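Undergrad: So here's input-v8.tsv (TSV, C-alpha atoms).
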```tsv
chain	number	residue	atom	x	y	z
O	679	MET	CA	-1.65	-2.22	7.34
O	680	THR	CA	-3.07	-5.64	6.51
O	681	ASP	CA	-3.55	-6.41	10.21
O	682	TYR	CA	-5.52	-3.18	10.52
O	683	LEU	CA	-7.64	-3.95	7.45
O	684	ILE	CA	-8.41	-7.48	8.67
O	685	GLN	CA	-9.22	-6.24	12.18
O	686	ASN	CA	-11.73	-3.89	10.54
O	687	GLY	CA	-13.47	-6.79	8.84
O	688	HIS	CA	-11.75	-6.68	5.46
O	689	HIS	CA	-10.97	-10.23	4.35
O	690	LYS	CA	-11.11	-9.57	0.61
O	691	ILE	CA	-8.10	-7.32	0.05
O	692	MET	CA	-6.37	-6.52	-3.22
O	693	TYR	CA	-2.72	-5.48	-2.99
O	694	LEU	CA	-1.73	-3.30	-5.95
O	695	THR	CA	1.87	-2.66	-7.01
O	696	ASP	CA	3.54	-0.97	-9.95
O	697	THR	CA	6.47	-3.39	-10.19
O	698	ASP	CA	7.48	-6.86	-9.10
O	699	ASP	CA	10.72	-5.57	-7.56
O	700	PRO	CA	12.14	-6.98	-4.30
O	701	ILE	CA	10.56	-4.26	-2.14
O	702	SER	CA	7.09	-4.90	-3.58
O	703	ALA	CA	7.64	-8.63	-3.12
O	704	LEU	CA	8.58	-8.11	0.55
O	705	ARG	CA	5.48	-6.00	1.12
O	706	LEU	CA	3.30	-8.64	-0.57
O	707	GLN	CA	4.86	-11.27	1.70
O	708	GLY	CA	4.00	-9.05	4.66
O	709	VAL	CA	0.39	-8.95	3.47
O	710	ARG	CA	0.35	-12.76	3.21
O	711	ASN	CA	1.92	-13.09	6.66
O	712	ALA	CA	-0.80	-10.88	8.15
O	713	TYR	CA	-3.49	-13.09	6.58
O	714	GLN	CA	-1.86	-16.17	8.11
O	715	LYS	CA	-1.30	-14.52	11.50
O	716	ASN	CA	-4.96	-13.48	11.62
O	717	LYS	CA	-6.07	-16.97	10.52
O	718	THR	CA	-7.73	-15.48	7.46
O	719	SER	CA	-8.10	-17.48	4.27
O	720	LEU	CA	-5.65	-16.44	1.57
O	721	ALA	CA	-8.48	-17.01	-0.90
O	722	GLY	CA	-9.62	-13.44	-0.15
O	723	LEU	CA	-6.25	-11.96	-1.14
O	724	SER	CA	-5.51	-10.75	-4.65
O	725	HIS	CA	-2.39	-9.18	-6.11
O	726	GLN	CA	-2.63	-6.79	-9.05
O	727	LEU	CA	0.27	-5.42	-11.06
O	728	LEU	CA	-0.70	-1.91	-12.09
O	729	PRO	CA	-0.55	-0.92	-15.76
O	730	ALA	CA	2.23	1.49	-16.74
O	731	THR	CA	0.01	4.23	-18.18
O	732	LYS	CA	-2.43	6.46	-16.36
O	733	GLU	CA	-5.20	5.76	-18.88
O	734	ALA	CA	-4.79	2.00	-18.49
O	735	ARG	CA	-4.95	2.40	-14.71
O	736	ARG	CA	-8.11	4.52	-15.04
O	737	LYS	CA	-9.69	1.72	-17.07
O	738	LEU	CA	-8.66	-0.86	-14.46
O	739	TYR	CA	-10.21	1.18	-11.63
O	740	THR	CA	-13.44	2.03	-13.39
O	741	ASP	CA	-14.12	-1.21	-15.32
O	742	SER	CA	-16.74	-3.16	-13.40
O	743	ASN	CA	-15.27	-6.41	-14.79
O	744	SER	CA	-11.74	-5.77	-13.47
O	745	GLY	CA	-12.36	-7.56	-10.17
O	746	LEU	CA	-11.48	-4.57	-7.99
O	747	ARG	CA	-15.03	-4.23	-6.75
O	748	ASP	CA	-15.04	-7.87	-5.64
O	749	HIS	CA	-12.84	-6.65	-2.78
O	750	THR	CA	-13.71	-4.61	0.28
O	751	ALA	CA	-10.29	-2.96	0.51
O	752	LEU	CA	-7.52	-1.93	-1.87
O	753	PHE	CA	-4.00	-1.62	-0.43
O	754	PHE	CA	-1.62	0.28	-2.71
O	755	VAL	CA	2.17	0.09	-2.76
O	756	SER	CA	2.29	3.89	-2.55
O	757	ASP	CA	0.14	6.87	-1.64
O	758	TYR	CA	0.55	8.15	-5.20
O	759	PHE	CA	-1.30	5.19	-6.70
O	760	ALA	CA	-3.86	5.17	-3.88
O	761	ALA	CA	-4.64	8.88	-4.40
O	762	GLU	CA	-4.87	8.42	-8.15
O	763	ALA	CA	-7.26	5.47	-7.75
O	764	MET	CA	-9.40	7.41	-5.28
O	765	GLY	CA	-9.85	10.20	-7.80
O	766	PHE	CA	-10.75	7.87	-10.66
O	767	LEU	CA	-13.11	5.81	-8.50
O	768	GLN	CA	-14.84	8.87	-7.08
O	769	ASP	CA	-15.28	10.27	-10.59
O	770	ALA	CA	-17.03	6.97	-11.42
O	771	GLY	CA	-19.41	7.41	-8.46
O	772	VAL	CA	-17.68	5.05	-6.03
O	773	ARG	CA	-17.86	6.25	-2.42
O	774	ILE	CA	-14.76	5.88	-0.27
O	775	PRO	CA	-14.82	4.25	2.26
O	776	GLU	CA	-18.53	3.36	2.09
O	777	ASP	CA	-18.25	1.30	-1.11
O	778	ILE	CA	-14.58	0.35	-0.91
O	779	SER	CA	-11.77	1.11	1.54
O	780	ILE	CA	-8.41	2.34	0.28
O	781	ALA	CA	-5.03	2.32	2.01
O	782	GLY	CA	-1.60	3.49	0.90
O	783	TYR	CA	2.04	3.37	1.86
O	784	ASP	CA	4.59	6.17	2.45
O	785	CYS	CA	2.56	8.83	4.28
O	786	SER	CA	3.36	11.35	1.57
O	787	TYR	CA	1.78	14.79	1.35
O	788	LEU	CA	-0.82	13.25	-0.99
O	789	SER	CA	-2.25	11.20	1.86
O	790	GLU	CA	-3.45	14.37	3.59
O	791	MET	CA	-4.67	16.05	0.41
O	792	CYS	CA	-7.07	13.23	-0.55
O	793	ARG	CA	-10.68	13.39	0.46
O	794	PRO	CA	-11.24	11.44	2.54
O	795	GLN	CA	-7.73	11.58	3.91
O	796	LEU	CA	-5.79	8.39	3.23
O	797	THR	CA	-5.02	5.73	5.82
O	798	THR	CA	-1.36	4.94	5.20
O	799	VAL	CA	1.94	3.61	6.53
O	800	ARG	CA	4.67	6.05	7.51
O	801	GLN	CA	8.31	5.11	7.13
O	802	ASN	CA	11.18	6.91	8.83
O	803	ILE	CA	12.80	8.22	5.65
O	804	HIS	CA	15.59	9.96	7.59
O	805	LYS	CA	16.67	6.69	9.24
O	806	LYS	CA	16.40	4.86	5.95
O	807	GLY	CA	18.55	7.46	4.18
O	808	THR	CA	21.15	7.48	6.96
O	809	ALA	CA	21.46	3.68	6.81
O	810	ALA	CA	21.83	3.81	3.03
O	811	VAL	CA	24.62	6.40	3.27
O	812	HIS	CA	26.45	4.31	5.91
O	813	SER	CA	26.20	1.22	3.69
O	814	LEU	CA	27.44	3.16	0.67
O	815	LEU	CA	30.40	4.61	2.61
O	816	SER	CA	31.30	1.11	3.84
O	817	PHE	CA	31.20	-0.14	0.26
O	818	ILE	CA	33.36	2.78	-0.98
O	819	ASN	CA	35.88	2.13	1.80
O	820	GLY	CA	36.07	-1.57	0.87
O	821	GLU	CA	34.42	-2.61	4.13
O	822	GLU	CA	31.62	-5.05	4.67
O	823	PRO	CA	28.33	-3.13	4.98
O	824	PRO	CA	26.81	-3.28	8.48
O	825	HIS	CA	23.71	-5.17	7.22
O	826	SER	CA	22.74	-6.63	3.88
O	827	GLN	CA	19.11	-5.86	4.71
O	828	THR	CA	17.86	-3.38	7.24
O	829	HIS	CA	14.27	-3.23	8.42
O	830	PHE	CA	12.84	-0.24	10.21
O	831	LYS	CA	9.70	0.14	12.26
O	832	VAL	CA	6.81	1.76	10.43
O	833	ASP	CA	3.76	3.54	11.82
O	834	LEU	CA	0.14	3.06	10.88
O	835	ILE	CA	-1.53	6.41	10.21
O	836	VAL	CA	-5.28	5.94	10.56
O	837	ARG	CA	-7.39	8.43	8.68
O	838	LYS	CA	-10.79	8.28	6.97
O	839	SER	CA	-10.32	6.11	3.83
O	840	VAL	CA	-10.89	2.77	5.59
O	841	SER	CA	-14.23	1.78	7.04
O	842	SER	CA	-15.18	-0.96	9.43
O	843	ASN	CA	-16.64	-3.80	7.39
O	844	ASP	CA	-18.14	-5.80	10.25
```
Transcribe the structure of this file into structure tokens.
TA:
Amino acid sequence: MTDYLIQNGHHKIMYLTDTDDPISALRLQGVRNAYQKNKTSLAGLSHQLLPATKEARRKLYTDSNSGLRDHTALFFVSDYFAAEAMGFLQDAGVRIPEDISIAGYDCSYLSEMCRPQLTTVRQNIHKKGTAAVHSLLSFINGEEPPHSQTHFKVDLIVRKSVSSND
């Protein structure tokens, strides 16, 4: 996703997560890697831990002093948070993608229900679940799991929530 955002002229990206768990950390590292691969200054990258409550998130999205609007694109850890932010921002008069581009992760049903529809990353949940079950069965049977970490290919789903910022 970050490659796509950078290729569309977005060099000031904020990555927003709800936790600092290992998965979020890996995704943030992927964002950093894309900046480096595209020879883009990391100075344009921000990371924001999202507040736990919906009202606190609304304040973050709509407060002009929060720093969100200093960015041209917001990349959310999930479609849920991206869709929520889109609604709050649009209620505050922010146009998506004209004023700010928004991208998500998961390709959930929410990504198609947003207006504009959300640009997102699709994971193969079936493959992921199958690998998890195989690892669990190996563990139950006292065997070494096939892999300690498994990475699967993801697909970029381009929709209307990201504009070209050239």
Undergrad: Identify, on the basis of all atoms listed in the file, every residue whose closest approach to stretch 773-784 of chain O does not exceed 6 Å; exclude the query and any residue fewer than 6 positions from it along the same chain; express the result as a list in words.
TA: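 Final neighbour list, sorted by chain and number: Thr750, Ala751, Leu752, Phe753, Phe754, Val755, Ser756, Asp757, Ala760, Thr797, Thr798, Val799, Arg800, Ser839, Val840 and Ser841 of chain O.
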Undergrad: Those same residues, written as a PDB file, keeping the file's coordinate frame with C-alpha atoms?
TA:
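This went into out37.pdb:
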```
ATOM      1  CA  THR O 750     -13.710  -4.610   0.280  1.00  0.00           C
ATOM      2  CA  ALA O 751     -10.290  -2.960   0.510  1.00  0.00           C
ATOM      3  CA  LEU O 752      -7.520  -1.930  -1.870  1.00  0.00           C
ATOM      4  CA  PHE O 753      -4.000  -1.620  -0.430  1.00  0.00           C
ATOM      5  CA  PHE O 754      -1.620   0.280  -2.710  1.00  0.00           C
ATOM      6  CA  VAL O 755       2.170   0.090  -2.760  1.00  0.00           C
ATOM      7  CA  SER O 756       2.290   3.890  -2.550  1.00  0.00           C
ATOM      8  CA  ASP O 757       0.140   6.870  -1.640  1.00  0.00           C
ATOM      9  CA  ALA O 760      -3.860   5.170  -3.880  1.00  0.00           C
ATOM     10  CA  THR O 797      -5.020   5.730   5.820  1.00  0.00           C
ATOM     11  CA  THR O 798      -1.360   4.940   5.200  1.00  0.00           C
ATOM     12  CA  VAL O 799       1.940   3.610   6.530  1.00  0.00           C
ATOM     13  CA  ARG O 800       4.670   6.050   7.510  1.00  0.00           C
ATOM     14  CA  SER O 839     -10.320   6.110   3.830  1.00  0.00           C
ATOM     15  CA  VAL O 840     -10.890   2.770   5.590  1.00  0.00           C
ATOM     16  CA  SER O 841     -14.230   1.780   7.040  1.00  0.00           C
TER      17      SER O 841
END
```
Undergrad: Skip O:Phe766 itself and residues of its chain fewer than 2 positions away, then list as a list in words all residues within 10 Å of it, counting all atoms listed in the file.
TA: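 Residues near the query, excluding close chain neighbours: Arg735, Arg736, Lys737, Leu738, Tyr739, Thr740, Ala761, Glu762, Ala763, Met764, Gln768, Asp769, Ala770, Gly771 and Val772 of chain O.
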Undergrad: Report, as AutoDock Vina command-line options, the axis-aligned box around all atoms of stretch 724-743 of chain O present in the file, extended by 3 Å on each side; give centre and edge lengths in Å to one decimal place.
TA:
```
--center_x -7.3 --center_y -2.1 --center_z -11.8 --size_x 25.0 --size_y 23.2 --size_z 20.2
```
Undergrad: Identify which of the residues O:Ser786, O:Ser702, O:Ser842, O:Gln685 lies closest to O:Thr718, counting all atoms listed in the file when measuring atom-to-atom distances.
TA: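 Answer, going by the shortest atom-to-atom distance: O:Gln685.
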Undergrad: Between O:Gly807, O:Val709, O:Phe759, O:Leu704, which has the minimum distance to O:Thr731 (counting only C-alpha atoms)?
TA: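 Nearest candidate to O:Thr731 out of O:Gly807, O:Val709, O:Phe759, O:Leu704: O:Phe759.
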Undergrad: Calculated over all atoms listed in the file, which of the candidates O:Asp748, O:Lys732, O:Tyr787, O:His829 has the smallest distance to O:Ile701?
TA: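 Of O:Asp748, O:Lys732, O:Tyr787, O:His829, the one nearest O:Ile701, counting all atoms listed in the file, is O:His829.
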Undergrad: Between O:Gln795, O:Ser719, O:Ser813, O:Asn743, which one has atoms that come closest to O:His689, using all atoms listed in the file?
TA: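 Going through O:Gln795, O:Ser719, O:Ser813, O:Asn743 one by one, the smallest distance to O:His689 is for O:Ser719.
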Undergrad: Which one is closest to O:His688: O:His725, O:Arg837, O:His749, O:Lys715? Count only C-alpha atoms.
TA: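 The shortest atom-to-atom distance to O:His688 comes from O:His749.
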Undergrad: Mind giving me the straight-line distance from atom CA of O:Ala703 to atom CA of O:Thr680 in Å, one decimal?
TA: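 Interatomic distance, atom CA of O:Ala703 to atom CA of O:Thr680: 14.7 Å.
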Undergrad: Work out how far atom CA of O:Met679 is from atom CA of O:Gln801, in Å to one decimal.
TA: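 Atom-to-atom, atom CA of O:Gln801 and atom CA of O:Met679 are spaced 12.4 Å apart.
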Undergrad: Find the residue from O:Leu796, O:Leu723, O:Ala810, O:Ala730 that sits nearest to O:Asn711; use all atoms listed in the file when measuring.
TA: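 Answer, going by the shortest atom-to-atom distance: O:Leu723.
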